[in-house]
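J.: Just so it is clear, I am handing over entry.txt, which has compact mmCIF, C-alpha atoms and all ligand atoms.
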```txt
# COMPACT_ATOMS: atom_id res chain seq x y z
CA MET A 3 0.00 0.00 0.00
CA LYS A 4 0.99 3.65 -0.27
CA ALA A 5 1.66 5.73 2.83
CA ILE A 6 3.24 9.03 3.74
CA ARG A 7 6.57 8.42 5.48
CA VAL A 8 8.69 10.85 7.49
CA HIS A 9 12.39 9.86 7.56
CA GLU A 10 13.68 13.07 9.15
CA THR A 11 11.93 15.95 10.92
CA GLY A 12 11.68 19.27 9.09
CA GLY A 13 9.43 21.24 6.75
CA PRO A 14 6.41 19.89 4.83
CA GLU A 15 8.77 18.48 2.16
CA VAL A 16 9.79 15.64 4.51
CA LEU A 17 6.33 14.08 3.95
CA ARG A 18 7.00 11.51 1.21
CA LEU A 19 4.55 9.12 -0.48
CA GLN A 20 6.09 5.62 -0.47
CA GLU A 21 5.22 1.94 -0.86
CA VAL A 22 5.06 0.06 2.46
CA PRO A 23 3.79 -3.42 3.48
CA ASP A 24 0.06 -3.75 4.22
CA PRO A 25 -0.75 -3.87 7.95
CA ILE A 26 -1.95 -7.19 9.42
CA PRO A 27 -4.17 -7.08 12.51
CA GLY A 28 -2.94 -8.78 15.68
CA PRO A 29 -5.22 -9.75 18.58
CA GLY A 30 -7.66 -6.95 19.42
CA GLN A 31 -6.66 -4.94 16.33
CA VAL A 32 -8.53 -3.70 13.26
CA VAL A 33 -7.38 -2.74 9.73
CA ILE A 34 -9.38 -0.07 7.91
CA GLN A 35 -9.21 0.61 4.20
CA VAL A 36 -8.95 4.40 4.30
CA HIS A 37 -11.18 6.67 2.21
CA ALA A 38 -10.35 10.00 3.92
CA ILE A 39 -7.74 11.29 6.37
CA GLY A 40 -8.02 14.31 8.69
CA VAL A 41 -5.08 16.73 8.75
CA ASN A 42 -4.52 18.39 12.14
CA PRO A 43 -2.13 21.18 13.19
CA VAL A 44 -0.46 18.86 15.76
CA GLU A 45 0.80 16.67 12.91
CA THR A 46 2.77 19.67 11.57
CA TYR A 47 4.27 20.35 15.03
CA ILE A 48 5.36 16.68 15.37
CA ARG A 49 6.73 16.64 11.79
CA SER A 50 8.82 19.75 12.51
CA GLY A 51 10.51 18.06 15.49
CA ASN A 52 9.64 20.99 17.78
CA TYR A 53 7.02 19.18 19.88
CA PRO A 54 7.31 17.07 23.02
CA ARG A 55 5.98 14.00 21.15
CA LYS A 56 8.78 12.58 19.01
CA PRO A 57 7.89 9.34 17.20
CA ALA A 58 10.71 6.99 16.23
CA LEU A 59 11.80 7.61 12.62
CA PRO A 60 10.66 6.72 10.04
CA TYR A 61 6.96 7.04 10.83
CA THR A 62 3.58 7.61 9.17
CA PRO A 63 1.74 10.65 10.60
CA GLY A 64 -1.90 10.94 11.53
CA THR A 65 -4.56 9.53 13.82
CA ASP A 66 -7.84 10.48 12.11
CA ALA A 67 -9.22 8.42 9.21
CA ALA A 68 -12.51 7.05 7.94
CA GLY A 69 -13.17 4.10 5.66
CA ILE A 70 -14.29 0.48 5.53
CA VAL A 71 -13.20 -2.20 8.00
CA GLU A 72 -11.07 -4.65 6.00
CA ALA A 73 -9.80 -7.11 8.61
CA THR A 74 -10.12 -7.79 12.33
CA GLY A 75 -7.79 -9.67 14.67
CA HIS A 76 -8.56 -12.39 17.20
CA GLY A 77 -10.87 -11.24 19.98
CA VAL A 78 -12.38 -8.25 18.14
CA THR A 79 -16.12 -8.40 18.77
CA ARG A 80 -17.57 -4.87 18.47
CA ILE A 81 -16.32 -4.15 14.92
CA LYS A 82 -17.04 -6.29 11.84
CA CYS A 83 -15.47 -6.44 8.36
CA GLY A 84 -17.34 -4.31 5.80
CA GLN A 85 -18.61 -1.75 8.32
CA ARG A 86 -18.10 2.00 7.80
CA ALA A 87 -15.90 3.38 10.56
CA TYR A 88 -13.77 6.29 11.76
CA THR A 89 -10.68 6.30 13.93
CA SER A 90 -9.65 8.25 17.02
CA GLY A 91 -6.04 7.15 17.17
CA ALA A 92 -3.99 4.69 15.15
CA ILE A 93 -1.13 2.26 15.67
CA SER A 94 0.34 2.54 12.17
CA GLY A 95 -0.40 6.19 11.17
CA ALA A 96 -3.48 7.40 9.30
CA TYR A 97 -1.79 9.09 6.28
CA ALA A 98 -2.03 5.84 4.30
CA GLU A 99 -4.26 3.64 2.17
CA LYS A 100 -4.80 1.32 5.15
CA VAL A 101 -4.52 1.94 8.87
CA LEU A 102 -4.00 -0.42 11.82
CA CYS A 103 -5.86 0.48 15.04
CA GLN A 104 -6.78 -0.94 18.42
CA GLU A 105 -10.45 -1.91 18.48
CA SER A 106 -11.09 0.86 21.06
CA GLN A 107 -9.81 3.45 18.54
CA VAL A 108 -12.46 2.49 15.95
CA HIS A 109 -16.05 3.81 15.98
CA LEU A 110 -18.92 3.09 13.61
CA LEU A 111 -19.74 5.88 11.17
CA PRO A 112 -23.48 6.56 10.67
CA GLU A 113 -24.68 6.08 7.07
CA LYS A 114 -25.50 9.75 6.48
CA VAL A 115 -21.98 10.89 7.41
CA SER A 116 -19.46 10.94 4.53
CA PHE A 117 -15.96 9.49 4.86
CA ALA A 118 -14.48 13.02 4.62
CA GLN A 119 -16.73 14.07 7.51
CA GLY A 120 -15.71 10.93 9.42
CA ALA A 121 -12.07 11.98 9.10
CA ALA A 122 -12.92 15.29 10.81
CA LEU A 123 -13.98 13.71 14.11
CA GLY A 124 -11.07 12.00 15.90
CA ILE A 125 -9.11 15.03 17.09
CA PRO A 126 -11.30 18.07 16.31
CA TYR A 127 -14.72 16.95 17.57
CA ALA A 128 -13.29 14.99 20.49
CA THR A 129 -11.26 18.06 21.52
CA ALA A 130 -14.28 20.33 21.26
CA TYR A 131 -16.39 17.95 23.37
CA ARG A 132 -13.68 17.57 26.00
CA ALA A 133 -13.07 21.33 26.21
CA LEU A 134 -16.74 22.24 26.51
CA PHE A 135 -18.07 19.46 28.73
CA GLN A 136 -15.21 17.62 30.46
CA ARG A 137 -13.06 20.70 31.21
CA ALA A 138 -15.39 23.76 31.24
CA ARG A 139 -18.42 21.73 32.43
CA ALA A 140 -20.71 23.83 30.25
CA MET A 141 -24.38 24.13 31.23
CA PRO A 142 -27.39 25.04 29.08
CA GLY A 143 -28.07 28.77 29.18
CA GLU A 144 -24.40 29.74 29.54
CA THR A 145 -22.59 31.89 26.98
CA VAL A 146 -19.56 30.44 25.17
CA PHE A 147 -17.09 32.53 23.19
CA VAL A 148 -15.38 30.34 20.59
CA HIS A 149 -12.23 32.33 19.93
CA GLY A 150 -11.24 30.92 16.53
CA ALA A 151 -14.41 29.17 15.36
CA SER A 152 -13.80 28.68 11.62
CA GLY A 153 -11.44 25.67 11.77
CA GLY A 154 -11.79 21.98 12.54
CA VAL A 155 -12.13 22.37 16.33
CA GLY A 156 -13.98 25.70 16.28
CA ILE A 157 -16.89 24.57 14.09
CA ALA A 158 -17.27 21.50 16.30
CA CYS A 159 -17.40 23.79 19.38
CA VAL A 160 -20.12 25.89 17.73
CA GLN A 161 -22.29 22.88 16.81
CA LEU A 162 -21.84 21.17 20.21
CA GLY A 163 -22.51 24.39 22.12
CA ARG A 164 -25.63 25.23 20.13
CA ALA A 165 -27.04 21.70 20.45
CA ALA A 166 -26.50 21.82 24.24
CA GLY A 167 -28.47 25.04 24.70
CA LEU A 168 -25.63 27.51 25.10
CA LYS A 169 -25.53 30.99 23.60
CA VAL A 170 -22.68 30.77 21.08
CA ILE A 171 -20.48 33.66 19.90
CA GLY A 172 -17.77 32.70 17.41
CA THR A 173 -14.90 34.52 15.70
CA ALA A 174 -13.18 34.15 12.32
CA GLY A 175 -10.69 36.21 10.35
CA THR A 176 -12.57 36.05 7.04
CA LYS A 177 -16.10 36.89 5.86
CA GLN A 178 -16.54 33.36 4.46
CA GLY A 179 -15.43 31.89 7.78
CA ARG A 180 -17.97 34.00 9.66
CA GLU A 181 -20.72 32.94 7.26
CA ILE A 182 -19.95 29.27 7.93
CA ILE A 183 -19.95 29.77 11.71
CA LEU A 184 -23.32 31.51 11.54
CA ALA A 185 -24.75 28.76 9.33
CA GLU A 186 -23.48 26.12 11.78
CA GLY A 187 -25.31 27.57 14.75
CA ALA A 188 -23.51 30.59 16.23
CA HIS A 189 -25.91 33.22 17.54
CA HIS A 190 -23.36 35.96 16.77
CA VAL A 191 -20.09 36.18 14.83
CA LEU A 192 -17.18 38.58 15.15
CA ASP A 193 -13.96 39.29 13.24
CA HIS A 194 -10.91 38.58 15.40
CA ALA A 195 -8.92 40.95 13.18
CA ALA A 196 -11.23 43.93 13.86
CA PRO A 197 -9.84 46.48 16.35
CA ASP A 198 -12.98 46.69 18.51
CA TYR A 199 -14.23 43.10 18.39
CA LEU A 200 -13.70 42.43 22.10
CA ASP A 201 -15.86 45.45 22.97
CA GLN A 202 -18.49 44.10 20.57
CA ALA A 203 -18.25 40.71 22.29
CA ARG A 204 -18.90 42.23 25.71
CA THR A 205 -21.85 44.21 24.33
CA LEU A 206 -23.37 40.98 23.01
CA THR A 207 -23.56 39.74 26.64
CA ASN A 208 -25.10 43.04 27.81
CA GLY A 209 -21.88 43.73 29.70
CA LYS A 210 -22.11 40.52 31.79
CA GLY A 211 -19.18 38.78 30.08
CA MET A 212 -18.60 35.21 28.93
CA ASP A 213 -19.20 32.15 31.05
CA ILE A 214 -16.77 30.17 28.89
CA VAL A 215 -14.04 31.06 26.40
CA LEU A 216 -12.69 28.26 24.19
CA GLU A 217 -9.32 29.59 23.04
CA MET A 218 -7.60 28.43 19.82
CA LEU A 219 -4.60 30.81 19.97
CA ALA A 220 -3.78 31.49 23.63
CA ASN A 221 -0.38 33.06 22.96
CA VAL A 222 -2.21 35.91 21.21
CA ASN A 223 -5.46 36.05 23.18
CA LEU A 224 -5.23 34.76 26.77
CA GLY A 225 -4.51 38.21 28.23
CA LYS A 226 -7.60 39.55 26.43
CA ASP A 227 -9.79 36.56 27.33
CA LEU A 228 -9.58 37.00 31.11
CA PRO A 229 -11.21 40.47 31.25
CA LEU A 230 -13.99 39.10 28.99
CA LEU A 231 -15.07 36.50 31.59
CA THR A 232 -17.97 36.85 33.97
CA ARG A 233 -17.59 35.92 37.67
CA GLY A 234 -16.88 32.17 37.87
CA GLY A 235 -16.01 32.14 34.16
CA ARG A 236 -13.68 29.56 32.63
CA VAL A 237 -11.24 29.81 29.75
CA VAL A 238 -10.07 26.56 28.18
CA ILE A 239 -6.71 26.72 26.42
CA ILE A 240 -7.12 24.49 23.37
CA GLY A 241 -4.46 25.99 21.06
CA CYS A 242 -1.23 27.82 21.90
CA ARG A 243 1.84 28.55 19.76
CA GLY A 244 4.05 30.59 22.09
CA THR A 245 4.20 32.59 25.32
CA VAL A 246 1.85 35.32 26.52
CA GLU A 247 1.64 37.92 29.29
CA ILE A 248 -1.50 37.98 31.45
CA ASN A 249 -2.63 40.06 34.41
CA PRO A 250 -3.47 37.43 37.09
CA ARG A 251 -5.71 40.00 38.79
CA ASP A 252 -8.14 39.64 35.83
CA ALA A 253 -8.67 36.03 36.99
CA MET A 254 -8.59 36.81 40.75
CA SER A 255 -11.24 39.49 40.58
CA ARG A 256 -13.65 37.11 38.83
CA ASP A 257 -12.88 33.82 40.62
CA ALA A 258 -12.09 32.72 37.08
CA ASP A 259 -10.46 29.44 36.07
CA ILE A 260 -7.80 29.01 33.38
CA LEU A 261 -8.08 25.41 32.25
CA GLY A 262 -5.45 23.74 30.08
CA MET A 263 -6.21 20.69 28.02
CA THR A 264 -4.64 18.23 25.65
CA LEU A 265 -6.63 15.40 24.17
CA PHE A 266 -3.61 13.13 24.74
CA ASN A 267 -4.52 13.22 28.48
CA ALA A 268 -8.04 11.85 27.92
CA THR A 269 -8.39 8.36 29.40
CA GLU A 270 -9.92 5.43 27.53
CA GLN A 271 -13.08 5.95 29.63
CA ASP A 272 -13.15 9.70 28.78
CA LEU A 273 -12.80 8.84 25.08
CA ALA A 274 -15.55 6.21 25.25
CA VAL A 275 -17.89 8.88 26.70
CA ILE A 276 -16.81 11.43 24.07
CA HIS A 277 -17.31 9.15 21.08
CA ALA A 278 -20.65 7.83 22.33
CA ALA A 279 -21.83 11.45 22.47
CA LEU A 280 -20.33 12.32 19.08
CA VAL A 281 -21.93 9.35 17.31
CA ALA A 282 -25.30 10.30 18.84
CA GLY A 283 -24.84 13.87 17.56
CA LEU A 284 -23.97 12.59 14.07
CA GLU A 285 -27.04 10.36 14.08
CA ASN A 286 -29.43 13.10 15.17
CA GLY A 287 -27.89 15.63 12.78
CA THR A 288 -26.69 18.19 15.34
CA LEU A 289 -23.06 17.42 14.38
CA ARG A 290 -22.23 18.01 10.72
CA PRO A 291 -18.46 18.28 10.06
CA ILE A 292 -17.71 20.92 7.42
CA ILE A 293 -15.05 20.00 4.89
CA GLY A 294 -12.82 22.72 3.47
CA GLN A 295 -10.05 21.47 1.19
CA GLN A 296 -9.79 17.89 -0.10
CA LEU A 297 -6.39 16.89 -1.50
CA PRO A 298 -4.85 13.64 -2.79
CA LEU A 299 -2.73 11.76 -0.20
CA GLY A 300 0.42 12.61 -2.17
CA GLU A 301 -0.25 16.30 -1.55
CA ALA A 302 0.23 15.96 2.22
CA PRO A 303 2.97 18.67 2.10
CA GLN A 304 0.44 21.17 0.65
CA ALA A 305 -2.12 20.09 3.26
CA HIS A 306 0.40 20.82 6.04
CA GLN A 307 0.99 24.30 4.62
CA ALA A 308 -2.75 24.92 4.32
CA VAL A 309 -3.60 23.82 7.88
CA MET A 310 -1.14 26.37 9.28
CA ALA A 311 -2.37 29.24 7.07
CA THR A 312 -5.03 31.74 8.15
CA GLY A 313 -8.47 31.76 6.54
CA ALA A 314 -9.69 28.40 7.84
CA LEU A 315 -12.97 27.13 6.36
CA GLY A 316 -13.54 23.82 8.11
CA LYS A 317 -11.53 20.63 7.91
CA ILE A 318 -8.70 19.78 5.51
CA VAL A 319 -8.72 16.13 4.41
CA LEU A 320 -6.51 13.88 2.31
CA LEU A 321 -7.99 11.29 -0.08
CA PRO A 322 -5.90 8.14 -0.71
CA GLN A 323 -7.96 7.02 -3.72
CA ALA A 324 -7.18 10.31 -5.48
CA SER A 325 -3.44 9.40 -5.37
CA GLN A 326 -3.77 6.05 -7.20
P1 LIG B 401 -7.53 25.03 12.14
O1 LIG B 401 -8.59 24.22 11.48
O2 LIG B 401 -6.29 25.37 11.39
O3 LIG B 401 -8.21 26.40 12.68
C1 LIG B 401 -7.45 27.40 13.28
C2 LIG B 401 -8.40 28.41 13.88
O4 LIG B 401 -7.67 29.44 14.59
C3 LIG B 401 -9.22 29.13 12.82
O5 LIG B 401 -10.57 29.25 13.26
C4 LIG B 401 -8.55 30.48 12.75
O6 LIG B 401 -9.42 31.51 12.28
C5 LIG B 401 -8.24 30.68 14.21
N1 LIG B 401 -7.39 31.86 14.44
C6 LIG B 401 -6.43 32.39 13.65
N2 LIG B 401 -5.97 33.54 14.19
C7 LIG B 401 -6.68 33.74 15.35
C8 LIG B 401 -6.68 34.75 16.34
N3 LIG B 401 -5.85 35.79 16.30
N4 LIG B 401 -7.53 34.62 17.37
C9 LIG B 401 -8.38 33.57 17.47
N5 LIG B 401 -8.42 32.57 16.55
C10 LIG B 401 -7.57 32.65 15.51
O7 LIG B 401 -7.02 24.30 13.47
P2 LIG B 401 -7.87 23.38 14.50
O8 LIG B 401 -7.70 21.97 14.12
O9 LIG B 401 -9.21 23.95 14.62
O10 LIG B 401 -7.04 23.63 15.84
C11 LIG B 401 -7.06 24.90 16.46
C12 LIG B 401 -5.92 25.00 17.48
O11 LIG B 401 -6.16 24.07 18.54
C13 LIG B 401 -4.54 24.65 16.90
O12 LIG B 401 -3.56 25.46 17.49
C14 LIG B 401 -4.34 23.21 17.32
O13 LIG B 401 -2.98 22.86 17.44
C15 LIG B 401 -5.04 23.21 18.67
N6 LIG B 401 -5.56 21.90 19.08
C16 LIG B 401 -5.30 21.51 20.36
C17 LIG B 401 -5.83 20.32 20.82
C18 LIG B 401 -5.61 19.91 22.25
O14 LIG B 401 -5.73 18.72 22.58
N7 LIG B 401 -5.33 20.88 23.13
C19 LIG B 401 -6.54 19.47 19.95
C20 LIG B 401 -6.81 19.93 18.66
C21 LIG B 401 -6.31 21.16 18.23
P3 LIG B 401 -9.19 32.25 10.83
O15 LIG B 401 -8.40 31.30 9.98
O16 LIG B 401 -10.60 32.47 10.36
O17 LIG B 401 -8.45 33.52 11.14
```
Would you write the structure of this file as C-alpha cells?

T.:
Amino acid sequence: MKAIRVHETGGPEVLRLQEVPDPIPGPGQVVIQVHAIGVNPVETYIRSGNYPRKPALPYTPGTDAAGIVEATGHGVTRIKCGQRAYTSGAISGAYAEKVLCQESQVHLLPEKVSFAQGAALGIPYATAYRALFQRARAMPGETVFVHGASGGVGIACVQLGRAAGLKVIGTAGTKQGREIILAEGAHHVLDHAAPDYLDQARTLTNGKGMDIVLEMLANVNLGKDLPLLTRGGRVVIIGCRGTVEINPRDAMSRDADILGMTLFNATEQDLAVIHAALVAGLENGTLRPIIGQQLPLGEAPQAHQAVMATGALGKIVLLPQASQ
C-alpha cells in the first residue's frame, strides 16, 4: 500500500509518499481501508521536530481516518469487516491507504456521514467535546465565546454548544469563515482581526461577560480573554503557539479558572464517553463536520501548509484514492 513516510523531521517536504507493506491485525486490532484522512495542526508540530511528542523515525503521521473495516484480529467483537468506521487514534499512522488500530480506537460511522466528515472527528470533535463538557463543564443557558471558530475544532465547538443550549459567539478572520460559523449555529459572529471586536463581544452579553471562552490561539489572546469573563467564568486553552503575558488580577477578581487541556490526556473511559456522544450527535444531525479542502494523499505537504495558514474554512482532508 501507499503511505506518507517521514524519515527526518523538518518542513512539509519531509512528507513523502512511499510503498510500504500492508498492515496485518494482531489480537484486538482492526485494519481499515482508508477513504479520507483528517489533517490536524499537531501533525505539523510533530513533523517539525519541535514538539514534546517525538515518534521513532521513520513514521507515518496521523490519527484520524474514515473508511471500511477490511480485517479484524482475534478477539475483536464490536467491529465487523465491511462496516463504515472512523478512527480516534492509530497504531500505524493514518496518512495511508490502510490503517491499523486498536479496536477501542475504531467507531462506527453513521450512514448519512461521509468518509471526509468521518475523518474530521477523531481530534477536532473529540477536543471540542472535552473542552466544553469535560473541562469547562458547560451548562445550558451559559454563553460560550469560541475564539477561533472557523477551523476543525472551532466549528465543532459551535455545533456542540448550540445543540447543548448555550448561547454561542464565534470569531473568524474572514467573511466566508464567519458565514460558515453563523450557518453552523452561532448566535453571533465577530472578526478577530477587527480592532474593537472584544468590545463588541462584551456588548453581546449586555456587559455581563462570557461564562466560557474556548481559546484556539492562547499566545495571542489569553490576556484579552480573562477580562472578557464573567464571575466564575472559565477559559479553556485548546491551542497555543508561544508565550503570553497575562494580568493574574483579571482572573482573581472574577474567581475565574484558566483550564489547560490536551486530548492526549483523555483516558480510555473519557474517550468512550466522548465518542458515544459524538456518534449520537452525528445520528441526530446536530453534528455536521464541514469540509474545506480535499487533496490527494500525495499532496500531504500542501495540506500541512494549508492547515497552518489563516483563513480556515472547516476541515482539511486527504484522499488516498485520489493518489492512485
Ligand atoms: P484550524 O482548522 O487550522 O483552525 C485554526 C483556527 O484558529 C481558525 O478558526 C482560525 O481563524 C483561528 N485563528 C487564527 N488567528 C486567530 C486569532 N488571532 N484569534 C483567534 N483565533 C484565531 O485548526 P484546528 O484543528 O481547529 O485547531 C485549532 C488550534 O487548537 C490549533 O492550534 C491546534 O494545534 C489546537 N488543538 C489543540 C488540541 C488539544 O488537545 N489541546 C486538539 C486539537 C487542536 P481564521 O483562519 O478564520 O483567522

J.: I'd like to know which of A:Val108, A:Tyr53, A:Arg80, A:Lys100 is closest to Val22 (chain A), using all atoms listed in the file.

T.: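 With all atoms listed in the file as the atom set, the closest residue is A:Lys100.
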
J.: Could you give me, as a count of residues only, the residues within 7 Å of Arg233 (chain A), counting all atoms listed in the file and dropping anything in the same chain fewer than 4 positions from it?

T.: 3

J.: Within 12 Å of region 287-293 of chain A, which residues of region 145-172 of chain A show up? Give each one with its shortest atom-to-atom distance in Å (one decimal) and the two atoms involved, counting only C-alpha atoms, rows by chain then rising residue number, as a Markdown table.

T.:
```
| residue | atom | partner | partner_atom | distance |
| --- | --- | --- | --- | --- |
| A:Ala151 | CA | A:Ile292 | CA | 11.9 |
| A:Ser152 | CA | A:Ile292 | CA | 9.7 |
| A:Gly153 | CA | A:Ile292 | CA | 9.0 |
| A:Gly154 | CA | A:Ile292 | CA | 7.9 |
| A:Val155 | CA | A:Pro291 | CA | 9.8 |
| A:Gly156 | CA | A:Pro291 | CA | 10.7 |
| A:Ile157 | CA | A:Pro291 | CA | 7.6 |
| A:Ala158 | CA | A:Pro291 | CA | 7.1 |
| A:Cys159 | CA | A:Leu289 | CA | 9.9 |
| A:Val160 | CA | A:Leu289 | CA | 9.6 |
| A:Gln161 | CA | A:Leu289 | CA | 6.0 |
| A:Leu162 | CA | A:Leu289 | CA | 7.0 |
| A:Gly163 | CA | A:Thr288 | CA | 10.1 |
| A:Arg164 | CA | A:Thr288 | CA | 8.6 |
| A:Ala165 | CA | A:Thr288 | CA | 6.2 |
| A:Ala166 | CA | A:Thr288 | CA | 9.6 |
| A:Gly167 | CA | A:Thr288 | CA | 11.7 |
```

J.: Can you tell me which residues come within 8 Å of ligand LIG 401 (chain B) when counting all atoms listed in the file, ideally as a compact mmCIF listing (two decimals) with C-alpha atoms, in the frame of the given file?

T.:
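The file below, selection_14.txt, is the result:
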```
# COMPACT_ATOMS: atom_id res chain seq x y z
CA VAL A 41 -5.08 16.73 8.75
CA ASN A 42 -4.52 18.39 12.14
CA PRO A 43 -2.13 21.18 13.19
CA VAL A 44 -0.46 18.86 15.76
CA ILE A 125 -9.11 15.03 17.09
CA PRO A 126 -11.30 18.07 16.31
CA THR A 129 -11.26 18.06 21.52
CA ALA A 130 -14.28 20.33 21.26
CA HIS A 149 -12.23 32.33 19.93
CA GLY A 150 -11.24 30.92 16.53
CA ALA A 151 -14.41 29.17 15.36
CA SER A 152 -13.80 28.68 11.62
CA GLY A 153 -11.44 25.67 11.77
CA GLY A 154 -11.79 21.98 12.54
CA VAL A 155 -12.13 22.37 16.33
CA GLY A 156 -13.98 25.70 16.28
CA ILE A 157 -16.89 24.57 14.09
CA THR A 173 -14.90 34.52 15.70
CA ALA A 174 -13.18 34.15 12.32
CA GLY A 175 -10.69 36.21 10.35
CA THR A 176 -12.57 36.05 7.04
CA GLY A 179 -15.43 31.89 7.78
CA ARG A 180 -17.97 34.00 9.66
CA HIS A 194 -10.91 38.58 15.40
CA ALA A 195 -8.92 40.95 13.18
CA GLU A 217 -9.32 29.59 23.04
CA MET A 218 -7.60 28.43 19.82
CA LEU A 219 -4.60 30.81 19.97
CA ALA A 220 -3.78 31.49 23.63
CA VAL A 222 -2.21 35.91 21.21
CA ASN A 223 -5.46 36.05 23.18
CA ILE A 239 -6.71 26.72 26.42
CA ILE A 240 -7.12 24.49 23.37
CA GLY A 241 -4.46 25.99 21.06
CA CYS A 242 -1.23 27.82 21.90
CA ARG A 243 1.84 28.55 19.76
CA GLY A 262 -5.45 23.74 30.08
CA MET A 263 -6.21 20.69 28.02
CA THR A 264 -4.64 18.23 25.65
CA LEU A 265 -6.63 15.40 24.17
CA PHE A 266 -3.61 13.13 24.74
CA ALA A 308 -2.75 24.92 4.32
CA VAL A 309 -3.60 23.82 7.88
CA MET A 310 -1.14 26.37 9.28
CA ALA A 311 -2.37 29.24 7.07
CA THR A 312 -5.03 31.74 8.15
CA GLY A 313 -8.47 31.76 6.54
CA ALA A 314 -9.69 28.40 7.84
CA LEU A 315 -12.97 27.13 6.36
CA GLY A 316 -13.54 23.82 8.11
CA LYS A 317 -11.53 20.63 7.91
CA ILE A 318 -8.70 19.78 5.51
```

J.: Residues within 10 Å of Ser94 (chain A), please, as a PyMOL selection string. Count all atoms listed in the file; anything in the same chain fewer than 2 positions from it doesn't count.

T.: chain A and resi 5+25+33+61-65+91-92+96-98+100-103

J.: Restrict the selected residues to C-alpha atoms and save them as a compact mmCIF listing (two decimals), in the coordinates of the input.

T.:
```
# COMPACT_ATOMS: atom_id res chain seq x y z
CA ALA A 5 1.66 5.73 2.83
CA PRO A 25 -0.75 -3.87 7.95
CA VAL A 33 -7.38 -2.74 9.73
CA TYR A 61 6.96 7.04 10.83
CA THR A 62 3.58 7.61 9.17
CA PRO A 63 1.74 10.65 10.60
CA GLY A 64 -1.90 10.94 11.53
CA THR A 65 -4.56 9.53 13.82
CA GLY A 91 -6.04 7.15 17.17
CA ALA A 92 -3.99 4.69 15.15
CA ALA A 96 -3.48 7.40 9.30
CA TYR A 97 -1.79 9.09 6.28
CA ALA A 98 -2.03 5.84 4.30
CA LYS A 100 -4.80 1.32 5.15
CA VAL A 101 -4.52 1.94 8.87
CA LEU A 102 -4.00 -0.42 11.82
CA CYS A 103 -5.86 0.48 15.04
```

J.: Just checking: using only C-alpha atoms, which residue out of A:Gln304, A:Thr232, A:Gln119, A:Ser106 ends up closest to Glu15 (chain A)?

T.: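 Distance minimum relative to Glu15 (chain A) lands on A:Gln304.
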
J.: Determine, counting only C-alpha atoms, which protein, DNA and RNA residues have an atom within 10 Å of an atom of Val275 (chain A); residues of the same chain fewer than 6 positions away are not included. Present the result as a ChimeraX atom specification.

T.: /A:128,131-132,136,269

J.: Rank A:His109, A:Arg49, A:His9, A:His306 by their smallest atom-to-atom distance to Leu280 (chain A), using only C-alpha atoms, and report the top residue only.

T.: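 The shortest atom-to-atom distance to Leu280 (chain A) comes from A:His109.
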
J.: Using all atoms listed in the file, find the one residue out of A:Asp198, A:Ala121, A:Glu105, A:Asn208 that sits nearest to Gln296 (chain A).

T.: A:Ala121

J.: Using only C-alpha atoms, which of A:Val8, A:Ala122, A:Leu59, A:Leu168 sits nearest Ala38 (chain A)?

T.: A:Ala122

J.: Report, in Å to a single decimal, how far apart CA of Gly40 (chain A) and CA of Met141 (chain A) are.

T.: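 Separation of CA of Met141 (chain A) and CA of Gly40 (chain A): 29.5 Å.
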
J.: What is the distance between CA of Gln178 (chain A) and CA of Met212 (chain A), in Å to one decimal?

T.: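 Atom-to-atom, CA of Gln178 (chain A) and CA of Met212 (chain A) are spaced 24.6 Å apart.
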
J.: Using all atoms listed in the file for the distances, tell me which of A:Ala302, A:Gln271, A:Asn286, A:Ala138 is nearest to Gly234 (chain A).

T.: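 Among the listed residues, A:Ala138 lies closest to Gly234 (chain A).
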
J.: Please indicate the distance in Å from CA of Asp272 (chain A) to CA of Gly95 (chain A), rounded to one decimal place.

T.: 22.0 Å

J.: As a list in words, please: the residues near region 28-30 of chain A (cut-off 9 Å, only C-alpha atoms, same-chain neighbours under 5 positions excluded).

T.: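 Listed by chain and then number, they are Thr74, Gly75, His76, Gly77, Val78, Thr79, Cys103, Gln104, Glu105 and Ser106 of chain A.
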
J.: Would you kindly return, as a PyMOL selection string, each protein, DNA or RNA residue with an atom no farther than 8 Å from any atom of Arg236 (chain A), considering only C-alpha atoms and excluding same-chain residues fewer than 3 positions away?

T.: chain A and resi 138+213-215+231+258-261

J.: Pull region 99-105 of chain A out of the block and emit N, CA, C and O atoms, as a CSV table (one decimal), in the first residue's frame.

T.:
```
chain,number,residue,atom,x,y,z
A,99,GLU,N,-3.1,4.3,2.8
A,99,GLU,CA,-4.3,3.6,2.2
A,99,GLU,C,-5.0,2.7,3.1
A,99,GLU,O,-6.1,2.4,3.0
A,100,LYS,N,-4.2,2.2,4.1
A,100,LYS,CA,-4.8,1.3,5.2
A,100,LYS,C,-4.2,1.7,6.5
A,100,LYS,O,-3.1,2.2,6.6
A,101,VAL,N,-5.0,1.6,7.6
A,101,VAL,CA,-4.5,1.9,8.9
A,101,VAL,C,-4.8,0.8,9.9
A,101,VAL,O,-5.9,0.2,9.8
A,102,LEU,N,-3.9,0.6,10.8
A,102,LEU,CA,-4.0,-0.4,11.8
A,102,LEU,C,-4.3,0.3,13.1
A,102,LEU,O,-3.7,1.3,13.5
A,103,CYS,N,-5.4,-0.2,13.8
A,103,CYS,CA,-5.9,0.5,15.0
A,103,CYS,C,-6.2,-0.6,16.1
A,103,CYS,O,-6.4,-1.7,15.8
A,104,GLN,N,-6.2,-0.1,17.4
A,104,GLN,CA,-6.8,-0.9,18.4
A,104,GLN,C,-8.3,-0.9,18.2
A,104,GLN,O,-8.8,0.1,17.8
A,105,GLU,N,-9.0,-1.9,18.6
A,105,GLU,CA,-10.5,-1.9,18.5
A,105,GLU,C,-11.1,-0.7,19.2
A,105,GLU,O,-12.0,-0.1,18.6
```
